[in-house]
Each structure stands twice: as structure tokens, then as C-alpha cells.
>>> print(open('model_22.cif').read())   # mmCIF, C-alpha atoms
data_coords
#
loop_
_atom_site.label_atom_id
_atom_site.label_comp_id
_atom_site.auth_asym_id
_atom_site.auth_seq_id
_atom_site.Cartn_x
_atom_site.Cartn_y
_atom_site.Cartn_z
CA MET A 141 24.47 30.41 9.58
CA ARG A 142 24.26 32.09 6.19
CA LEU A 143 25.61 29.07 4.39
CA ILE A 144 23.38 26.66 6.31
CA SER A 145 20.44 28.87 5.35
CA THR A 146 21.35 28.93 1.65
CA TYR A 147 22.02 25.19 1.72
CA LEU A 148 18.55 24.47 3.15
CA ILE A 149 16.89 26.85 0.68
CA GLY A 150 18.66 25.00 -2.14
CA LEU A 151 17.42 21.72 -0.70
CA VAL A 152 13.80 22.95 -0.63
CA PHE A 153 14.15 24.19 -4.21
CA GLY A 154 15.68 20.87 -5.29
CA ILE A 155 12.93 18.82 -3.67
CA GLY A 156 10.36 21.05 -5.33
CA ILE A 157 12.00 20.48 -8.71
CA SER A 158 12.29 16.74 -8.06
CA ILE A 159 8.62 16.18 -7.28
CA SER A 160 7.28 18.73 -9.78
CA GLY A 161 8.43 17.01 -12.98
CA MET A 162 10.60 19.94 -14.11
CA ALA A 163 13.63 17.63 -14.06
CA ASP A 164 11.96 15.10 -16.35
CA PRO A 165 12.45 15.98 -20.04
CA ALA A 166 9.69 13.57 -21.10
CA LYS A 167 7.21 15.55 -19.00
CA VAL A 168 8.62 18.95 -19.95
CA LEU A 169 8.52 18.21 -23.68
CA ASN A 170 5.01 16.76 -23.39
CA PHE A 171 3.84 20.00 -21.78
CA PHE A 172 4.76 21.80 -24.99
CA ASP A 173 3.43 19.05 -27.27
CA LEU A 174 -0.15 20.34 -27.43
CA PHE A 175 -0.83 18.45 -30.64
CA GLY A 176 0.70 15.17 -29.49
CA THR A 177 1.20 13.54 -26.09
CA TRP A 178 0.18 16.65 -24.13
CA ASP A 179 0.70 16.65 -20.33
CA PRO A 180 -0.49 19.90 -18.70
CA SER A 181 1.27 19.19 -15.36
CA LEU A 182 3.91 21.90 -15.72
CA ALA A 183 1.25 24.60 -15.73
CA PHE A 184 0.65 23.61 -12.12
CA VAL A 185 4.36 23.96 -11.28
CA MET A 186 4.45 27.46 -12.72
CA GLY A 187 1.09 28.35 -11.15
CA GLY A 188 2.09 27.15 -7.68
CA GLY A 189 5.52 28.77 -7.89
CA LEU A 190 4.16 32.09 -9.15
CA LEU A 191 1.36 32.30 -6.62
CA VAL A 192 3.62 31.67 -3.62
CA THR A 193 6.37 33.94 -4.92
CA TYR A 194 4.01 36.79 -5.82
CA PHE A 195 2.46 36.97 -2.35
CA GLY A 196 5.71 36.06 -0.60
CA TYR A 197 7.61 38.87 -2.34
CA ARG A 198 4.92 41.37 -1.34
CA PHE A 199 5.70 40.53 2.26
CA VAL A 200 9.48 40.40 1.76
CA PHE A 201 9.74 43.77 0.02
CA ARG A 202 7.94 45.46 2.90
CA GLN A 203 11.00 44.65 5.04
CA SER A 204 13.81 47.20 5.11
CA ALA A 205 16.50 44.63 4.30
CA PRO A 206 17.06 40.89 4.01
CA VAL A 207 17.87 39.03 7.24
CA PHE A 208 21.53 38.31 6.43
CA GLU A 209 22.37 41.15 4.03
CA THR A 210 22.09 44.91 3.83
CA ALA A 211 20.06 45.20 0.64
CA PHE A 212 17.85 43.32 -1.81
CA ILE A 213 19.66 42.75 -5.08
CA VAL A 214 17.23 42.79 -7.99
CA PRO A 215 17.72 43.83 -11.62
CA LYS A 216 16.82 47.47 -12.05
CA SER A 217 16.37 47.63 -15.81
CA LYS A 218 12.88 47.68 -17.26
CA ARG A 219 14.05 47.90 -20.85
CA VAL A 220 12.82 45.11 -23.11
CA ASP A 221 15.56 44.93 -25.73
CA LEU A 222 16.72 42.68 -28.51
CA ARG A 223 19.29 40.92 -26.33
CA LEU A 224 16.62 39.91 -23.82
CA LEU A 225 14.18 38.70 -26.46
CA GLY A 226 16.81 37.12 -28.71
CA GLY A 227 18.51 35.33 -25.83
CA SER A 228 15.18 34.09 -24.49
CA ALA A 229 14.13 32.91 -27.95
CA VAL A 230 17.40 30.97 -28.26
CA PHE A 231 16.93 29.49 -24.78
CA GLY A 232 13.51 28.20 -25.80
CA ILE A 233 14.94 26.49 -28.88
CA GLY A 234 17.49 24.66 -26.72
CA TRP A 235 14.87 23.79 -24.10
CA GLY A 236 12.61 22.42 -26.82
CA ILE A 237 15.44 20.29 -28.22
CA ALA A 238 16.74 18.83 -24.94
CA GLY A 239 13.87 19.18 -22.44
CA PHE A 240 16.14 20.29 -19.57
CA CYS A 241 16.29 23.88 -18.32
CA PRO A 242 18.99 25.14 -15.88
CA GLY A 243 16.74 25.17 -12.79
CA GLY A 244 15.32 21.78 -13.66
CA VAL A 245 18.65 20.11 -14.28
CA LEU A 246 20.87 21.45 -11.46
CA PRO A 247 19.23 19.46 -8.63
CA VAL A 248 19.28 16.16 -10.51
CA ILE A 249 23.06 16.36 -10.90
CA GLY A 250 22.67 14.56 -7.57
CA THR A 251 21.37 11.46 -9.34
CA GLY A 252 24.73 11.09 -11.08
CA ARG A 253 23.00 10.16 -14.35
CA PRO A 254 25.38 10.40 -17.32
CA ASP A 255 22.77 12.11 -19.54
CA VAL A 256 22.23 14.80 -16.90
CA LEU A 257 25.97 15.35 -16.49
CA VAL A 258 26.46 15.59 -20.25
CA PHE A 259 23.69 18.18 -20.51
CA VAL A 260 25.13 20.21 -17.62
CA ALA A 261 28.65 20.16 -19.13
CA SER A 262 27.22 21.36 -22.42
CA LEU A 263 25.10 24.01 -20.66
CA ILE A 264 28.17 25.37 -18.87
CA ALA A 265 30.16 25.38 -22.12
CA GLY A 266 27.40 27.41 -23.77
CA MET A 267 27.26 29.85 -20.86
CA LEU A 268 31.03 30.40 -20.89
CA VAL A 269 31.16 30.86 -24.68
CA ALA A 270 28.27 33.36 -24.56
CA ARG A 271 30.04 35.25 -21.76
CA LEU A 272 33.03 35.85 -24.02
CA PHE A 273 30.84 37.93 -26.30
CA ASN A 274 28.35 39.20 -23.80
CA ARG A 275 29.40 40.67 -20.49
CA PRO A 276 26.23 40.53 -18.42
CA ALA A 277 25.44 43.80 -16.73
CA MET A 278 25.83 43.53 -12.96
CA PRO A 279 22.49 43.81 -11.20
CA VAL A 280 22.11 47.14 -9.48
CA MET A 281 21.26 47.23 -5.81
CA GLN A 282 17.84 48.61 -5.32
CA LYS A 283 14.88 48.15 -3.07
CA PRO A 284 11.91 47.62 -5.40
CA MET B 220 12.61 11.31 -31.18
CA THR B 221 10.39 8.87 -29.35
CA ALA B 222 7.52 10.69 -27.73
CA PHE B 223 5.43 8.82 -25.20
CA GLU B 224 2.62 9.64 -22.81
CA THR B 225 3.47 10.87 -19.31
CA GLU B 226 1.08 10.74 -16.39
CA PHE B 227 -0.80 13.96 -15.57
CA THR B 228 0.31 14.86 -12.01
CA PRO B 229 -1.49 18.07 -11.02
CA TRP B 230 -1.07 17.69 -7.24
CA LEU B 231 2.57 16.64 -7.21
CA SER B 232 3.40 19.35 -9.72
CA LEU B 233 1.48 21.96 -7.73
CA ALA B 234 3.26 20.87 -4.53
CA GLY B 235 6.61 21.05 -6.33
CA GLY B 236 5.75 24.52 -7.61
CA VAL B 237 4.80 25.64 -4.11
CA LEU B 238 8.16 24.43 -2.76
CA ILE B 239 9.98 26.23 -5.58
CA GLY B 240 8.02 29.35 -4.61
CA ILE B 241 8.84 28.95 -0.92
CA ALA B 242 12.55 28.60 -1.73
CA SER B 243 12.39 31.69 -3.96
CA VAL B 244 10.70 33.75 -1.25
CA LEU B 245 13.13 32.55 1.44
CA LEU B 246 16.19 33.33 -0.67
CA MET B 247 14.96 36.91 -1.09
CA LEU B 248 13.87 37.24 2.54
CA MET B 249 17.06 35.86 4.06
CA HIS B 250 19.71 36.81 1.49
CA GLY B 251 18.14 39.40 -0.82
CA ARG B 252 18.75 37.34 -3.93
CA ILE B 253 16.69 36.17 -6.87
CA MET B 254 16.31 32.40 -7.17
CA GLY B 255 17.44 32.20 -10.77
CA ALA B 256 19.39 29.10 -11.74
CA THR B 257 21.15 30.94 -14.56
CA GLY B 258 22.42 33.81 -12.40
CA ILE B 259 23.38 31.56 -9.50
CA LEU B 260 25.32 29.17 -11.73
CA ALA B 261 26.96 31.99 -13.71
CA GLY B 262 28.23 33.58 -10.50
CA LEU B 263 29.63 30.22 -9.42
CA LEU B 264 31.51 29.76 -12.70
CA VAL B 265 32.98 33.26 -12.68
CA PRO B 266 33.02 34.30 -9.01
CA ALA B 267 33.10 37.94 -7.99
CA SER B 268 34.59 37.20 -4.53
CA SER B 269 35.00 34.23 -2.21
CA ALA B 270 32.02 35.27 -0.06
CA ASP B 271 29.93 35.59 -3.22
CA TRP B 272 31.08 32.16 -4.35
CA GLN B 273 30.30 30.48 -1.02
CA TRP B 274 26.56 31.12 -0.83
CA ARG B 275 26.11 30.04 -4.43
CA ALA B 276 28.04 26.81 -3.79
CA ALA B 277 25.99 26.13 -0.65
CA LEU B 278 22.74 26.79 -2.52
CA ILE B 279 23.64 24.50 -5.41
CA GLY B 280 24.96 21.95 -2.88
CA GLY B 281 21.52 21.96 -1.27
CA MET B 282 19.86 21.51 -4.68
CA ILE B 283 22.12 18.59 -5.55
CA SER B 284 21.34 16.91 -2.20
CA ALA B 285 17.64 16.90 -3.05
CA PRO B 286 17.56 13.70 -5.12
CA LEU B 287 19.22 11.86 -2.23
CA ALA B 288 16.63 13.21 0.22
CA TYR B 289 13.97 12.15 -2.28
CA LEU B 290 15.55 8.70 -2.52
CA LEU B 291 15.55 8.31 1.28
CA ALA B 292 11.91 9.39 1.52
CA VAL B 293 10.42 7.63 -1.51
CA GLY B 294 12.82 4.76 -2.17
CA SER B 295 13.83 5.81 -5.67
CA PHE B 296 15.37 8.79 -7.45
CA PRO B 297 12.97 11.25 -9.09
CA ALA B 298 11.70 9.96 -12.44
CA ILE B 299 13.82 11.21 -15.33
CA ASN B 300 13.06 10.01 -18.83
CA VAL B 301 15.11 11.49 -21.65
CA PRO B 302 13.34 10.94 -24.97
CA VAL B 303 16.21 12.71 -26.73
CA SER B 304 19.42 11.36 -28.27
CA MET B 305 22.79 12.18 -26.70
CA PRO B 306 23.88 14.47 -29.59
CA MET B 307 20.61 16.41 -29.22
CA LEU B 308 21.22 16.73 -25.45
CA ILE B 309 24.65 18.20 -26.16
CA VAL B 310 23.35 20.57 -28.84
CA GLY B 311 20.35 21.56 -26.69
CA GLY B 312 22.49 22.15 -23.60
CA PHE B 313 24.88 24.40 -25.51
CA ILE B 314 22.03 26.41 -27.04
CA VAL B 315 20.35 26.77 -23.63
CA GLY B 316 23.65 28.01 -22.16
CA ILE B 317 24.00 30.69 -24.83
CA GLY B 318 20.34 31.73 -24.66
CA VAL B 319 20.05 32.10 -20.89
CA THR B 320 23.30 34.07 -20.71
CA ILE B 321 22.30 36.58 -23.39
CA GLY B 322 18.68 36.65 -22.17
CA SER B 323 19.81 37.08 -18.52
CA GLY B 324 17.68 34.28 -17.11
CA CYS B 325 15.63 31.15 -17.50
CA THR B 326 12.47 29.51 -16.20
CA SER B 327 13.26 30.09 -12.51
CA GLY B 328 14.67 33.63 -12.70
CA HIS B 329 12.36 35.13 -15.34
CA GLY B 330 9.48 32.64 -15.26
CA VAL B 331 8.91 32.54 -11.50
CA CYS B 332 10.83 35.32 -9.68
CA GLY B 333 10.69 37.98 -12.39
CA MET B 334 7.06 37.32 -13.28
CA ALA B 335 6.19 37.45 -9.57
CA ARG B 336 7.80 40.93 -9.41
CA LEU B 337 5.73 41.84 -12.48
CA SER B 338 8.99 42.79 -14.21
CA PRO B 339 8.22 43.77 -17.82
CA ARG B 340 11.52 42.22 -18.92
CA SER B 341 10.72 38.90 -17.30
CA VAL B 342 7.18 38.80 -18.66
CA ALA B 343 8.53 39.47 -22.17
CA ALA B 344 11.33 36.90 -21.73
CA THR B 345 8.97 34.21 -20.43
CA LEU B 346 6.42 34.70 -23.21
CA THR B 347 9.26 34.57 -25.75
CA PHE B 348 10.90 31.36 -24.55
CA MET B 349 7.58 29.61 -23.98
CA LEU B 350 6.67 30.40 -27.59
CA THR B 351 9.99 29.27 -29.10
CA THR B 352 10.02 26.11 -26.97
CA PHE B 353 6.51 25.30 -28.21
CA ILE B 354 7.52 25.93 -31.83
CA THR B 355 10.70 23.85 -31.44
CA VAL B 356 8.87 20.88 -29.93
CA PHE B 357 6.25 21.13 -32.67
CA VAL B 358 8.85 21.19 -35.44
CA VAL B 359 10.92 18.37 -33.92
CA ARG B 360 7.93 16.12 -33.26
CA HIS B 361 5.49 16.99 -36.04
CA GLY B 362 7.48 18.90 -38.63
CA PHE B 363 9.62 17.67 -41.54
CA GLY B 364 7.04 15.01 -42.35
CA SER B 365 7.78 13.06 -39.20
#
>>> encode(input="model_22.cif", output="C-alpha cells")
Amino acid sequence: MRLISTYLIGLVFGIGISISGMADPAKVLNFFDLFGTWDPSLAFVMGGGLLVTYFGYRFVFRQSAPVFETAFIVPKSKRVDLRLLGGSAVFGIGWGIAGFCPGGVLPVIGTGRPDVLVFVASLIAGMLVARLFNRPAMPVMQKP
Amino acid sequence: MTAFETEFTPWLSLAGGVLIGIASVLLMLMHGRIMGATGILAGLLVPASSADWQWRAALIGGMISAPLAYLLAVGSFPAINVPVSMPMLIVGGFIVGIGVTIGSGCTSGHGVCGMARLSPRSVAATLTFMLTTFITVFVVRHGFGS
């Protein structure tokens, strides 16, 4: 049951990505190209996603525990540090160069497109290399 | 880089965003997890346990099935246009991999889930990567006398 549930949730996410334009680098890069071929569509992706998640989470976190698990696992830290900001800044540079982000690209692996697979291989290589120097802190269990 | 116009799709993009939100809420409600592509993929690459690996594999399996479902419903795969050369895709992918690992998240984890929790870290991360993405696109497309 758990795995069927996660599979279906992944499917909903993937369909959302597929119709939103987040998997289309031309659209993603145009969103950021305010002084060129600007396409504001992605603001609607973020807006829709945030709105649903904000109100949905308010309901979810009133529950004592998730349906299939014993606790909600969310990062506890509130500290804005150099690693967070530096890593995020670097992510943005890569996103601006290629136009794919991890959530946008994972579902479209299913298209089998060579350019998608090349990006994903390179993404994974970058993640593994960064891990060698940067052991990510395990999220601490906590009910927010 | 060859930039070209893309069609403004407010309704499709909003609907996509709503589905992304629904998936994020359901993953927390059912499994107590944040829908962050970076964290989910990282845990798949370096698994903590077999049970931990399984739900991540099922989730990503569901994601990867989506284009096929889209194909069956619409008659074509989702539109993907890559106005970037292959070397730039490789360089960009590697830089994204480093950045999201050190920054502990990306557009889905920080930008949607973290912002929705009003996490100060995620708000700071999202503002930072939106700014550097904007600057990068500006420099690539309009800088260096191009």
C-alpha cells in the first residue's frame, strides 16, 4: 500500500510538472529573461503550488502523524548560513545555464530524450561529487 | 544560445502548479516527507536502508511514468525545447548537482514545500537561486556583447 501510494503521488507530481512547463528549458529560461523573450507562465506554477501546499500543510500538520508513518520528517534548522546561500546561488547559476532543475527534469526521464538523460547523468555526478565534501545533515524528526 | 518566444500558458501552468501542490501535500499527509526532488534523489543514490530506498524508487517511478500517461491522454510527449548546447547542458547539470547538494534543496523542496512552511531557510534559498538564475540568464543572453 505504501509503495502504491508513493507511486501515485509521484505520478501526480510528474503530470503536474509535465503540463506546467517546468520540464521545458525554453519556457524556464524565458521566465527569467525579463529583458528578452519573457514568458511569465512559471509564476503561475509557483503560485499554484505554493497556495495549495500552504493551505494543505496547515491541515496536515494538525494531524498527530502521517497515515503510513509515525512522524513528520521536516528539517529543524532555521539557521540561514553561508552553505545554504552559497549552494543555492550555485544552483541558480546551473539552472540559468541549462534550464532544467531536478524536480523539472526527473519526470521527463520518461520521455527517453538523450538531452534529458545527459543532463540527469551530469546532475547526479555533481550531487555525488558535492557529497564527498559535504555530508548533508540528516533531517531531524520533529512535528512543526 | 538561440532564444525564442514561448507561448504564455497561465492556465496550464496554474493547473500544473496545483497538481505539484497536491502531490506535495499528499506526500506529507501519507508519508510525512517533503516533496523535494533533491532530497528524494539523494536518498535514492545513497540509500539509508532498503525500506528508505523503496519509497523513493516508487515515487520517482511514478514521476517517470507521467510522460507516458501524458502521451496516452494528449497524443504527444510534453513539449521540451532545449535552447542550450550539449556541453552547456553537461556543465549546467553538474553545477546544479553541486548547488542543490550544498544548499540542501531546489525549486520543489525550498521553493514550494519550504516556502509553504514559511521556513526562513527556504525563503532565503529561493530568493537567492531566483536571483542568480536571473543574473545568469541575463549574462548568457544579453551580456558579453551578444
>>> residues_around(input="model_22.cif", residues="region 142-146 of chain A", least_positions_apart="2", cutoff="8 Å", atoms="all atoms listed in the file", output="VMD selection string")
(chain A and resid 148 to 150 208) or (chain B and resid 246 249 273 to 275 277 to 278 281)
>>> residues_around(input="model_22.cif", residues="Ile279 (chain B)", least_positions_apart="5", cutoff="9 Å", atoms="all atoms listed in the file", output="ChimeraX atom specification")
/A:146-147,150-151,154,246-247 /B:256,259-260,274,284
>>> atom_distance(input="model_22.cif", atom1="CA of Val331 (chain B)", atom2="CA of Ala285 (chain B)")
19.8 Å
>>> resolve_selection(input="model_22.cif", expression="the PyMOL selection byres ((chain B and resi 301-313) around 8)", output="ChimeraX atom specification")
/A:164-166,233-240,255,258-267 /B:220-222,299-300,314-317
>>> closest_residue(input="model_22.cif", among="A:Leu224, A:Ile157, A:Ala211, A:Ala163", to="Gly188 (chain A)", atoms="all atoms listed in the file")
A:Ile157
>>> closest_residue(input="model_22.cif", among="B:Gly322, B:Gly240, B:Gly330, B:Gly362", to="Val220 (chain A)", atoms="all atoms listed in the file")
B:Gly322
>>> residues_near_point(input="model_22.cif", point="(16.0, 33.0, -25.5)", cutoff="12 Å", atoms="all atoms listed in the file", output="MDAnalysis selection string")
(chainID A and resid 221:236 241) or (chainID B and resid 314:326 329 341 343:352)
>>> resolve_selection(input="model_22.cif", expression="the PyMOL selection byres ((chain B and resi 230) around 12)", output="JSON list (two decimals) with C-alpha atoms, in the coordinates of the input")
[["chain", "number", "residue", "atom", "x", "y", "z"],
["A", 159, "ILE", "CA", 8.62, 16.18, -7.28],
["A", 160, "SER", "CA", 7.28, 18.73, -9.78],
["A", 161, "GLY", "CA", 8.43, 17.01, -12.98],
["A", 180, "PRO", "CA", -0.49, 19.90, -18.70],
["A", 181, "SER", "CA", 1.27, 19.19, -15.36],
["A", 182, "LEU", "CA", 3.91, 21.90, -15.72],
["A", 183, "ALA", "CA", 1.25, 24.60, -15.73],
["A", 184, "PHE", "CA", 0.65, 23.61, -12.12],
["A", 185, "VAL", "CA", 4.36, 23.96, -11.28],
["A", 187, "GLY", "CA", 1.09, 28.35, -11.15],
["A", 188, "GLY", "CA", 2.09, 27.15, -7.68],
["B", 226, "GLU", "CA", 1.08, 10.74, -16.39],
["B", 227, "PHE", "CA", -0.80, 13.96, -15.57],
["B", 228, "THR", "CA", 0.31, 14.86, -12.01],
["B", 229, "PRO", "CA", -1.49, 18.07, -11.02],
["B", 231, "LEU", "CA", 2.57, 16.64, -7.21],
["B", 232, "SER", "CA", 3.40, 19.35, -9.72],
["B", 233, "LEU", "CA", 1.48, 21.96, -7.73],
["B", 234, "ALA", "CA", 3.26, 20.87, -4.53],
["B", 235, "GLY", "CA", 6.61, 21.05, -6.33],
["B", 236, "GLY", "CA", 5.75, 24.52, -7.61],
["B", 237, "VAL", "CA", 4.80, 25.64, -4.11]]
>>> atom_distance(input="model_22.cif", atom1="CA of Ser204 (chain A)", atom2="CA of Leu245 (chain B)")
15.1 Å
>>> closest_residue(input="model_22.cif", among="A:Val207, A:Gly244, A:Arg202, A:Val256", to="chain B", atoms="only C-alpha atoms")
A:Val207
>>> closest_residue(input="model_22.cif", among="B:Ile239, B:Leu290, B:Ala276, B:Val358", to="chain A", atoms="all atoms listed in the file")
B:Ile239
>>> resolve_selection(input="model_22.cif", expression="the PyMOL selection byres ((chain B and resi 335) around 6)", output="VMD selection string")
(chain A and resid 190 193 to 194) or (chain B and resid 331 to 334 336 to 337)
>>> write_last_selection(input="model_22.cif", atoms="C-alpha atoms", output="compact mmCIF listing (two decimals), in the coordinates of the input")
# COMPACT_ATOMS: atom_id res chain seq x y z
CA LEU A 190 4.16 32.09 -9.15
CA THR A 193 6.37 33.94 -4.92
CA TYR A 194 4.01 36.79 -5.82
CA VAL B 331 8.91 32.54 -11.50
CA CYS B 332 10.83 35.32 -9.68
CA GLY B 333 10.69 37.98 -12.39
CA MET B 334 7.06 37.32 -13.28
CA ARG B 336 7.80 40.93 -9.41
CA LEU B 337 5.73 41.84 -12.48
>>> closest_residue(input="model_22.cif", among="A:Pro242, A:Ile249, A:Lys218, A:Pro254", to="Pro339 (chain B)", atoms="all atoms listed in the file")
A:Lys218
>>> atom_distance(input="model_22.cif", atom1="CA of Leu169 (chain A)", atom2="CA of Gly243 (chain A)")
15.3 Å
>>> decode(input="model_22.cif", residues="region 314-339 of chain B", atoms="N, CA, C and O atoms", output="compact mmCIF listing (two decimals), in the first residue's frame")
# COMPACT_ATOMS: atom_id res chain seq x y z
N ILE B 314 26.77 21.72 -12.27
CA ILE B 314 26.69 22.85 -11.33
C ILE B 314 25.41 22.77 -10.50
O ILE B 314 25.42 23.01 -9.29
N VAL B 315 24.30 22.40 -11.14
CA VAL B 315 23.04 22.24 -10.39
C VAL B 315 23.22 21.16 -9.31
O VAL B 315 22.83 21.34 -8.16
N GLY B 316 23.85 20.05 -9.68
CA GLY B 316 24.06 18.95 -8.72
C GLY B 316 24.85 19.39 -7.50
O GLY B 316 24.51 19.05 -6.36
N ILE B 317 25.90 20.17 -7.73
CA ILE B 317 26.71 20.68 -6.62
C ILE B 317 25.90 21.66 -5.78
O ILE B 317 25.83 21.55 -4.55
N GLY B 318 25.22 22.58 -6.45
CA GLY B 318 24.49 23.64 -5.74
C GLY B 318 23.37 23.10 -4.86
O GLY B 318 23.24 23.48 -3.70
N VAL B 319 22.56 22.19 -5.42
CA VAL B 319 21.41 21.71 -4.64
C VAL B 319 21.85 20.84 -3.48
O VAL B 319 21.18 20.78 -2.44
N THR B 320 23.01 20.17 -3.62
CA THR B 320 23.50 19.34 -2.52
C THR B 320 23.99 20.21 -1.37
O THR B 320 23.62 20.00 -0.21
N ILE B 321 24.80 21.22 -1.69
CA ILE B 321 25.32 22.11 -0.65
C ILE B 321 24.18 22.97 -0.08
O ILE B 321 24.10 23.20 1.12
N GLY B 322 23.27 23.40 -0.95
CA GLY B 322 22.17 24.26 -0.50
C GLY B 322 20.97 23.49 0.05
O GLY B 322 19.96 24.09 0.39
N SER B 323 21.08 22.17 0.11
CA SER B 323 20.05 21.29 0.70
C SER B 323 18.68 21.44 0.07
O SER B 323 17.66 21.32 0.76
N GLY B 324 18.61 21.68 -1.25
CA GLY B 324 17.29 21.71 -1.86
C GLY B 324 17.22 22.51 -3.13
O GLY B 324 18.17 23.22 -3.48
N CYS B 325 16.09 22.39 -3.81
CA CYS B 325 15.94 23.06 -5.10
C CYS B 325 14.56 23.73 -5.17
O CYS B 325 13.98 24.11 -4.17
N THR B 326 14.04 23.83 -6.37
CA THR B 326 12.79 24.54 -6.60
C THR B 326 11.61 23.88 -5.88
O THR B 326 10.74 24.56 -5.33
N SER B 327 11.58 22.54 -5.90
CA SER B 327 10.46 21.84 -5.26
C SER B 327 10.58 21.85 -3.73
O SER B 327 9.62 22.18 -3.02
N GLY B 328 11.75 21.50 -3.22
CA GLY B 328 11.93 21.40 -1.76
C GLY B 328 11.90 22.75 -1.07
O GLY B 328 11.14 22.97 -0.13
N HIS B 329 12.76 23.68 -1.53
CA HIS B 329 12.78 25.02 -0.93
C HIS B 329 11.65 25.88 -1.49
O HIS B 329 10.92 26.52 -0.74
N GLY B 330 11.53 25.90 -2.82
CA GLY B 330 10.65 26.86 -3.49
C GLY B 330 9.17 26.62 -3.22
O GLY B 330 8.39 27.57 -3.13
N VAL B 331 8.75 25.36 -3.13
CA VAL B 331 7.34 25.08 -2.86
C VAL B 331 7.14 24.63 -1.40
O VAL B 331 6.50 25.32 -0.61
N CYS B 332 7.72 23.49 -1.03
CA CYS B 332 7.44 22.93 0.31
C CYS B 332 7.97 23.82 1.44
O CYS B 332 7.26 24.10 2.40
N GLY B 333 9.23 24.26 1.30
CA GLY B 333 9.83 25.06 2.36
C GLY B 333 9.17 26.42 2.49
O GLY B 333 8.87 26.89 3.59
N MET B 334 8.91 27.05 1.34
CA MET B 334 8.23 28.36 1.37
C MET B 334 6.83 28.20 1.97
O MET B 334 6.38 29.08 2.71
N ALA B 335 6.16 27.09 1.66
CA ALA B 335 4.81 26.88 2.20
C ALA B 335 4.84 26.68 3.71
O ALA B 335 3.86 26.97 4.40
N ARG B 336 5.97 26.19 4.25
CA ARG B 336 6.11 26.06 5.71
C ARG B 336 6.60 27.37 6.31
O ARG B 336 6.85 27.45 7.51
N LEU B 337 6.84 28.37 5.47
CA LEU B 337 7.39 29.65 5.89
C LEU B 337 8.74 29.47 6.58
O LEU B 337 9.07 30.17 7.55
N SER B 338 9.51 28.48 6.09
CA SER B 338 10.84 28.25 6.63
C SER B 338 11.78 29.36 6.21
O SER B 338 11.92 29.64 5.00
N PRO B 339 12.42 30.03 7.19
CA PRO B 339 13.33 31.13 6.83
C PRO B 339 14.45 30.67 5.90
O PRO B 339 14.86 31.40 4.99
